[in-house]
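One structure is given below, encoded as structure tokens.
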Amino acid sequence: MLVEGITSRPVHGGIQVDLFARRHFFALEGEGALALLAQAPALDEAFFDRCEVLYAAADAAGRGYDEALARLKPDLFRQTPTVETLLFRLRGCLSRATMGTRLYVAGGEGFIGRCMNVAAGFGMDAGTVLTEHRGSAARRVQCVHCKGITEDVSESPFACSHCGLNLLVRDHYSKRLGAFQGVCIDAEEPVSASRTPEEVFQ
Amino acid sequence: MAIMFRQETFRDDFTYRNSPANIHRFPFPFDRDEYAYSVNIEPHVPGRKGTIYESLIDVDEHYVAEMADRALVLKEDPLRYQALPHMMQAQWDVLELLMEQQAAGYPEHFSLTRNGDRWRWINRPLGIDDTFTFGARETLPYEPLEYIGRQTQGDLCIVDQRDNNLWMDAGLVTTQADWSLDFDVGMNFMEWHGPVPLAHGMGIFDRALKFLLNLQLGQPVRRFNWTMTVNPRLDTSPENYHKWGRDRTTVTPVNVGRKVHLRVELQTLWRLPRSNAMLFVIRCYLMSMEELVTVPKWARRFHRVLKTLPQELVDYKGMTRYRDTTVEWLSRHDDGAPTSPGIWPD
């Protein structure tokens with residue numbers, strides 16, 4: 001069960017904009033703002049007229065990314081107080097999206113997973129969503145035993161926030177769930193055995 | 001000839017045993033004395049009488065007990081059955097295929113009568129006599145895949161084919177060797193095989209995928225996979241790993257013969273006629289070491305295979321804690337004599 005180098009691990013290829021799209025939705029979290037800001041100088045007003053940008057500053061609050069994004073004057077710019085409220089708005093955007101809409105997601109690993117999960121609910125194929133990892137590598141993990149999801153996991157093993165089992169975070173990743181898999185690490189050991197967690201997803 | 005179905009359990013008191021006749025028809029998967037990693041796909045054609053290949057969907061003495069165990073698993077964890085919405089046509093394809101095959105192979109136990117869309121299905125071992133309308137979900141007590149899956153030995157996955165890939169889009173999985181349908185549903189071929197070590201680098205999955213994409217209707221294929229399980233437990237799911245994992249620490253030189261089981265999966269793949277999807281049957285056979293060594297050829301050969309298995313695979317198959325104990329025990333049943341070619345007993 002302790003296996004490295006698993007191929008289901010998502011590869012985030014970057015959110016190079018697709019100029020052929022008719023409409024552009026950006027879901028950005030924290031440092032993910034930089035993924036769009038870095039490309040902005042090469043993009044024109046006509047592009048931003050077709051853009052909707054949702055942004056949750058999260059850990060990057062106070063760094064001015066929100067103002068920088070607003071200055072791009074996208075057709076819609078909405079800063080949300082949390083990731084949850086961003087996902088709520090994202091559902092709203094996607095529910096009225098039409099053919100030719102491109103979705104771009106940039107931010108932490110867990111954020112990307114949650115956005116992909118929302119997109120899948122609207123029938124968007126994972127392969128058509130452009131993603132870019134920026135900021136924290138903390139993971140979103142599903143406990144295979146109780147099915148509970150724990151956000152922002154930066155250590156392995158960690159205690160499931162739902163059932164409390166000590167979980168090893170595998171590299172096996174479900175795009176449908178937008179989560180890595182956590183499996184009990186000490187099922188084959190006496191209850192007294194303990195392991196020191198290591199920070200591995202920073 | 002009617003099968004004598006055993007009353008036995010795959011949990012708690014573990015009363016599962018193979019009769020001597022059933023040991024003889026066990027699909028021992030090794031055709032040589034050392035371990036070789038390969039895709040080993042061959043046409044799934046009917047084989048010799050008295051082997052598991054006699055019928056293309058094999059029913060054996062464990063049928064009734066396995067179906068009871070499956071019902072227990074589904075009661076505790078209904079998520080072991082999942083089907084994405086676009087898979088309904090493929091579900092009906094699977095129901096038809098499994099009814100036809102079981103009725104053809106075992107007419108004394110199963111029968112299927114068709115009158116247009118009105119079908120009557122009789123399953124005597126489980127006491128089922130249902131009439132339903134083919135294609136009409138509401139005329140069955142479950143979705144078609146779950147309905148027939150509760151009456152078929154082996155895990156069932158329906159794999160959709162699109163974009164030059166295969167997608168795990170439906171399944172009924174209760175006897176799995178440590179993979180989660182709930183986690184893997186919706187994944188493509190490379191993704192759901194992600195955790196398998198070594199084979200990716202060897203290009204094995206690329207070749208297998210290319211081969212499977214061209215699978216033809218009426219020409220099913222098969223391959224073996226294998227692992228080992230402590231106690232004859234069918235439900236070695238990751239979902240319950242925190243409960244059964246401890247079994248792996250209970251093997252001793254004294255109990256290894258009856259505790260440690262060779263677990264063989266006969267995997268068959270069938271193209272489906274209407275949906276162009278594929279049925280993937282993963283049929284699990286279990287045999288204790290004590291039962292295995294009653295066939296001298298298998299005792300010698302399995303000892304040699306297990307001894308030469310690469311450590312990565314020992315770990316992946318979860319055998320790390322008891323491989324050596326098992327090899328040691330098997331060595332007493334290996335006199336070093338040469339073994340005959342092929343997998344069947346001498």
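Going by the structure tokens order, chains are called A, B, ..., each with residues numbered from 1, while ligands are numbered from 1 in the order shown.
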
Handout entry: Residues of chain A within 12 Å of chain B, counting only C-alpha atoms, as an NGL selection string
Key = :A and (1-11 or 117 or 120-121 or 123 or 125-127 or 141-148 or 163-168 or 170-191)

Handout entry: Filtered DSSP result for stretch 31-130 of chain A, state strand (DSSP E), as a ChimeraX atom specification
Key = /A:51-56,76-80,101-107,130

Practice task
Could you give me, as a ChimeraX atom specification, the residues within 12 Å of stretch 88-102 of chain A, counting only C-alpha atoms and dropping anything in the same chain fewer than 2 positions from it?
Solution key: /A:15-28,50-56,76-86,104-105,114-131

Practice task
Using DSSP on the backbone coordinates, identify all residues within stretch 30-145 of chain A classified as helix (DSSP H, G or I); present the result as a PyMOL selection string.
Solution key: chain A and resi 30-37+40-42+45-48+58-60+65-71+83-95+109-121+126-128

Counting only C-alpha atoms, what is within 12 Å of B:Glu76, bar same-chain residues fewer than 3 positions away, as a PDB file with C-alpha atoms, in the first residue's frame?
ATOM      1  CA  ASP B  69     -21.911 -12.457   1.419  1.00  0.00           C
ATOM      2  CA  ARG B  70     -22.419  -9.914  -1.370  1.00  0.00           C
ATOM      3  CA  ALA B  71     -25.886  -9.065  -0.035  1.00  0.00           C
ATOM      4  CA  LEU B  72     -24.351  -8.417   3.395  1.00  0.00           C
ATOM      5  CA  VAL B  73     -21.692  -6.111   1.957  1.00  0.00           C
ATOM      6  CA  LEU B  79     -21.838   2.564  -2.405  1.00  0.00           C
ATOM      7  CA  ARG B  80     -20.239  -0.703  -3.511  1.00  0.00           C
ATOM      8  CA  TYR B  81     -22.705  -0.414  -6.353  1.00  0.00           C
ATOM      9  CA  THR B 174     -17.739  -6.443  -3.176  1.00  0.00           C
ATOM     10  CA  ASP B 235     -14.476  -8.382   1.154  1.00  0.00           C
ATOM     11  CA  GLU B 239     -13.238   0.615   2.894  1.00  0.00           C
ATOM     12  CA  ASN B 240     -12.906  -2.088   5.544  1.00  0.00           C
TER      13      ASN B 240
END

Which polymer residues have any atom within 10 Å of an atom of B:Gly218, counting only C-alpha atoms, with same-chain residues fewer than 5 positions away left out, as a PDB file with C-alpha atoms, in the first residue's frame?
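Written output follows (result.pdb):
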ATOM      1  CA  HIS B  44     -11.957 -16.461 -23.537  1.00  0.00           C
ATOM      2  CA  TRP B 270     -16.688  -8.647 -23.095  1.00  0.00           C
ATOM      3  CA  ARG B 271     -17.703  -6.094 -25.716  1.00  0.00           C
ATOM      4  CA  LEU B 272     -21.358  -5.133 -25.243  1.00  0.00           C
ATOM      5  CA  PRO B 273     -23.665  -5.018 -28.268  1.00  0.00           C
TER       6      PRO B 273
END

Exercise for the section: Measure the distance from atom CA of B:Gly342 to atom CA of B:Arg233 in Å and round it to one decimal. Expected result: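 Calculated distance between atom CA of B:Gly342 and atom CA of B:Arg233 is 28.1 Å.
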
Exercise for the section: Record the distance separating atom CA of B:Tyr142 and atom CA of B:Lys75, expressed in Å with one decimal. Expected result: 13.2 Å

Exercise for the section: Provide the atom CA of B:Thr133 to atom CA of B:Leu95 distance in Å, to one decimal place. Expected result: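 Straight-line distance from atom CA of B:Thr133 to atom CA of B:Leu95 works out to 12.1 Å.
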
Exercise for the section: Check the smallest atom-to-atom distance from each of A:Pro41, A:Gly62, A:Ala35, A:Ala68 to A:Gly13 using only C-alpha atoms, then report the winner. Expected result: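 Of all the options, A:Ala35 lies closest to A:Gly13.
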
Problem - Best match for closeness to B:Gln216 among B:Ala277, B:Gln89, B:Asn115, B:Asp169, counting only C-alpha atoms - result: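 Among the listed residues, the smallest separation from B:Gln216 belongs to B:Ala277.
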